[in-house]
Amino acid sequence: MNLFETVTQMGHEQILFCHGKDPDIKAIIAIHDTSLGPAMGATRLWPYASEAAALKDALRLSRGMTYKAACANIPVGGGKAVIIANPENKTEDLFRAYGRFVESLKGRFITGQDVNLTPEDVRIINQETQYVVGVEERSGGPAPVTAWGVFLGIKAAVEFRLQTQNLKGLRVAVQGLGNVGQNLCQHLHEHGAKLFVSDISTQKTEQVKHLFGATVVEPDEIYSLDVDVFSPCALGGILNSETIPDIKASIVAGCANNQLGVEVLHGQMLAAKEILYCPDYVINAGGLINVYNEMIGYNEQRALQQVTNIYDTLTEIFDIAQKQGITTNDASKQLAEDRILKAKYLKTMAVA
Ligand SMILES: NC(=O)C1=CN([C@@H]2O[C@H](COP(=O)(O)OP(=O)(O)OC[C@H]3O[C@@H](n4cnc5c(N)ncnc54)[C@H](O)[C@@H]3O)[C@@H](O)[C@H]2O)C=CC1
Ligand SMILES: O=C(O)C(=O)Cc1c[nH]c2ccccc12
């Protein structure tokens, strides 16, 4: 990868490579854009197969955060960090060292809990840096709010694509029953949807089968089910040339970040099959909305209103895509970039 060319093309401001011997730490903090405010993005820990894969993840996820904030009308920028490690090798020293790197950015980057980090891990990071949010979980943590936003997004997509407001009998396949996936299943179940679920943890699938009467399928069976909605709530990159030909759902709407394997190619493949794709960073903004509100002083009503806006924003994106004959992914990118340009312009006007 030609690093400077890539980051220039993607628009990143700064990449911090965090490394050290004692403790052994390899982490990448990617700051995409701070023109609207500090870069926000939770930290994930993953045993990446290569350093290039880790960098790619950090670059794409951080740009996604910028777009996420813009589409949600939250005045912050986008960033994301990845720690390259095996979850079995997590130590207090590792998180403390990582926390010191975050502190060194003096608030340009504000982080919290993502994949493979526990609230306890984040509390350790917080001992070395104040630039952490979502630790005290005054609002019950971001996952329930994210799930509510995804539920509203599914409603918007169902209304647009299937022309009904009634979710009764809607068949939904949920991939991944983690913090978000389980909360989403609860809302869908309460609204009469029929659930098909997969997770690599049988304990989780058994729980959801018992609680919400879900039909459990093997992880590789989840793509090809005869359902209305496919909801990816586990991993990124799952919409690709292998899976898309199998998808029978007419709507893809889930919380996972970076769902499209190759953004343009796989966005177009979905559109060609007339599958309505809800851009991941639009539909999963509930978590960011929640932590942002915690940061500025939690106001439940305001947070809920901002999450409710996900419904309207998605409907606007579906309309733009249909009218202009472009993919929903391109429509959301356009919306995000327009808003960022406008906000930057207003900022320069205010300074002048
Ligand atoms: N928690 C939040 O507020 C937000 C989460 N996200 C994204 O949503 C996704 C899920 O988040 P959480 O629920 O918090 O994570 P989590 O770690 O609680 O849940 C992920 C679940 O996926 C399962 N899984 C892993 N591989 C799988 C496979 N091959 N097939 C089926 N299931 C598999 C895991 O066993 C786990 O139960 C992540 O990609 C995260 O980045 C995005 C925005 C906000
Ligand atoms: O939507 C994402 O991918 C996020 O990283 C949201 C999020 C969850 N917890 C946080 C803590 C600090 C900054 C962002 C988040």
# chains A, B, ... in the order shown; residues from 1 in each chain; ligands from 1
$ residues_near_ligand --ligand "ligand 2" --cutoff "7 Å" --atoms "only C-alpha atoms and all ligand atoms" --output "list of chain:residue names"
A:Met40, A:Gly41, A:Ala42, A:Thr43, A:Met65, A:Lys80, A:Ile110, A:Thr111, A:Gly112, A:Gln113, A:Asp114, A:Val132, A:Val133, A:Gly134, A:Pro142, A:Asn257, A:Asn284, A:Ala285, A:Gly287, A:Leu288, A:Val291
$ residues_near_ligand --ligand "ligand 1" --cutoff "9 Å" --atoms "only C-alpha atoms and all ligand atoms" --output "ChimeraX atom specification"
/A:42,44,61,113-117,141-147,174-183,197-202,204-205,218-220,222,232-236,254-259,280-281,283-288,290
$ closest_residue --among "A:Ala53, A:Leu276, A:Leu170, A:Leu94" --to "A:Ser250" --atoms "only C-alpha atoms"
A:Leu276
$ residues_around --residues "A:Ile317" --least-positions-apart "6" --cutoff "7 Å" --atoms "only C-alpha atoms" --output "NGL selection string"
:A and (328 or 331-332)
$ atom_distance --atom1 "atom CA of A:Asp330" --atom2 "atom CA of A:Leu346"
24.2 Å
$ residues_around --residues "stretch 301-314 of chain A" --least-positions-apart "3" --cutoff "8 Å" --atoms "only C-alpha atoms" --output "compact mmCIF listing (two decimals) with C-alpha atoms, in the first residue's frame"
# COMPACT_ATOMS: atom_id res chain seq x y z
CA CYS A 71 -25.35 11.80 8.64
CA ALA A 72 -26.48 11.85 12.28
CA VAL A 145 -29.56 2.60 21.55
CA TRP A 148 -33.20 0.82 18.53
CA GLY A 149 -31.72 2.81 15.63
CA LEU A 152 -36.10 2.08 13.09
CA GLY A 153 -33.89 1.68 10.02
CA LYS A 155 -38.91 -0.04 9.56
CA ALA A 156 -37.88 2.70 7.11
CA ALA A 157 -36.54 0.11 4.65
CA CYS A 278 -29.12 0.49 4.46
CA VAL A 282 -26.24 5.60 8.82
CA ILE A 283 -28.27 2.82 10.41
CA ALA A 285 -25.28 5.66 14.43
CA GLY A 286 -27.21 5.05 17.67
CA ILE A 289 -25.36 9.36 19.32
CA ASN A 290 -25.49 7.80 22.77
CA ASN A 293 -24.88 12.73 24.50
CA TYR A 298 -27.06 13.15 28.98
CA ILE A 317 -31.11 8.40 1.20
CA PHE A 318 -33.44 5.83 -0.43
$ select_by_dssp --residues "stretch 33-239 of chain A" --states "strand (DSSP E)" --output "compact mmCIF listing (two decimals) with N, CA and C atoms, in the first residue's frame"
# COMPACT_ATOMS: atom_id res chain seq x y z
N ASP A 33 -11.02 12.93 10.25
CA ASP A 33 -11.42 14.33 10.03
C ASP A 33 -11.84 14.95 11.35
N ALA A 39 -12.23 13.83 16.86
CA ALA A 39 -12.50 12.56 16.19
C ALA A 39 -12.97 11.55 17.22
N MET A 40 -14.17 10.99 17.01
CA MET A 40 -14.68 9.99 17.95
C MET A 40 -14.72 8.63 17.28
N THR A 43 -12.50 1.73 20.25
CA THR A 43 -11.29 0.95 19.96
C THR A 43 -11.61 -0.53 19.89
N ARG A 44 -11.14 -1.17 18.81
CA ARG A 44 -11.34 -2.62 18.74
C ARG A 44 -10.02 -3.34 18.85
N LEU A 45 -10.10 -4.55 19.39
CA LEU A 45 -8.89 -5.37 19.53
C LEU A 45 -9.13 -6.62 18.69
N TRP A 46 -8.17 -6.94 17.82
CA TRP A 46 -8.41 -8.04 16.89
C TRP A 46 -7.07 -8.68 16.50
N GLY A 77 -15.91 14.70 14.74
CA GLY A 77 -15.22 14.14 13.59
C GLY A 77 -15.14 12.63 13.70
N GLY A 78 -14.37 12.03 12.78
CA GLY A 78 -14.29 10.57 12.74
C GLY A 78 -12.90 10.04 13.01
N GLY A 79 -12.83 9.03 13.86
CA GLY A 79 -11.57 8.35 14.14
C GLY A 79 -11.87 6.91 14.52
N LYS A 80 -10.87 6.09 14.59
CA LYS A 80 -11.06 4.71 15.06
C LYS A 80 -9.68 4.17 15.39
N ALA A 81 -9.62 3.27 16.36
CA ALA A 81 -8.35 2.67 16.70
C ALA A 81 -8.46 1.16 16.71
N VAL A 82 -7.40 0.51 16.28
CA VAL A 82 -7.35 -0.95 16.37
C VAL A 82 -6.09 -1.34 17.14
N ILE A 83 -6.26 -2.27 18.06
CA ILE A 83 -5.12 -2.84 18.78
C ILE A 83 -4.91 -4.22 18.17
N ILE A 84 -3.69 -4.48 17.69
CA ILE A 84 -3.42 -5.78 17.07
C ILE A 84 -3.00 -6.74 18.17
N PHE A 109 -8.72 12.84 19.77
CA PHE A 109 -9.36 11.53 19.57
C PHE A 109 -10.01 11.07 20.87
N ILE A 110 -11.30 10.75 20.79
CA ILE A 110 -12.03 10.30 21.98
C ILE A 110 -12.56 8.90 21.71
N ARG A 171 -40.08 -11.71 7.94
CA ARG A 171 -39.04 -12.70 8.24
C ARG A 171 -37.67 -12.03 8.22
N VAL A 172 -36.98 -12.08 9.36
CA VAL A 172 -35.70 -11.39 9.49
C VAL A 172 -34.61 -12.38 9.90
N ALA A 173 -33.49 -12.35 9.18
CA ALA A 173 -32.33 -13.19 9.53
C ALA A 173 -31.28 -12.31 10.21
N VAL A 174 -30.99 -12.60 11.47
CA VAL A 174 -30.02 -11.80 12.21
C VAL A 174 -28.72 -12.59 12.38
N GLN A 175 -27.63 -12.05 11.85
CA GLN A 175 -26.31 -12.69 11.98
C GLN A 175 -25.57 -12.05 13.14
N LYS A 194 -40.73 -12.66 12.51
CA LYS A 194 -40.30 -14.06 12.68
C LYS A 194 -38.79 -14.08 12.51
N LEU A 195 -38.09 -14.59 13.53
CA LEU A 195 -36.63 -14.49 13.54
C LEU A 195 -35.91 -15.76 13.15
N PHE A 196 -34.83 -15.59 12.36
CA PHE A 196 -33.88 -16.66 12.04
C PHE A 196 -32.53 -16.12 12.48
N VAL A 197 -31.80 -16.89 13.26
CA VAL A 197 -30.57 -16.32 13.85
C VAL A 197 -29.39 -17.27 13.74
N SER A 198 -28.19 -16.66 13.76
CA SER A 198 -26.97 -17.46 13.85
C SER A 198 -25.96 -16.75 14.73
N THR A 215 -35.68 -19.23 15.10
CA THR A 215 -35.17 -20.46 14.46
C THR A 215 -33.66 -20.31 14.31
N VAL A 216 -32.91 -21.27 14.85
CA VAL A 216 -31.45 -21.18 14.81
C VAL A 216 -30.92 -21.89 13.57
N VAL A 229 -35.65 -9.66 5.32
CA VAL A 229 -34.54 -8.78 5.74
C VAL A 229 -33.37 -9.62 6.21
N PHE A 230 -32.17 -9.26 5.74
CA PHE A 230 -30.95 -9.84 6.28
C PHE A 230 -30.28 -8.76 7.13
N SER A 231 -30.00 -9.08 8.40
CA SER A 231 -29.45 -8.09 9.32
C SER A 231 -28.08 -8.51 9.85
N PRO A 232 -27.00 -8.00 9.22
CA PRO A 232 -25.66 -8.36 9.68
C PRO A 232 -25.30 -7.62 10.98
$ closest_residue --among "A:Ser50, A:Gln186, A:Gln322, A:Ser224" --to "A:Val208" --atoms "only C-alpha atoms"
A:Gln186
$ atom_distance --atom1 "atom CA of A:Phe151" --atom2 "atom CA of A:Glu190"
11.2 Å
$ atom_distance --atom1 "atom CA of A:Val150" --atom2 "atom CA of A:Ala271"
20.2 Å
$ residues_around --residues "A:Lys342" --least-positions-apart "6" --cutoff "12 Å" --atoms "only C-alpha atoms" --output "MDAnalysis selection string"
chainID A and resid 35:36 70 73 335:336 348:349
$ select_by_dssp --residues "stretch 45-212 of chain A" --states "alpha helix (DSSP H)" --output "PyMOL selection string"
chain A and resi 51-71+92-104+119-128+142-162+179-190+202-212
$ closest_residue --among "A:Gln165, A:Asn299, A:Thr315, A:Asn329" --to "A:Val262" --atoms "only C-alpha atoms"
A:Asn329
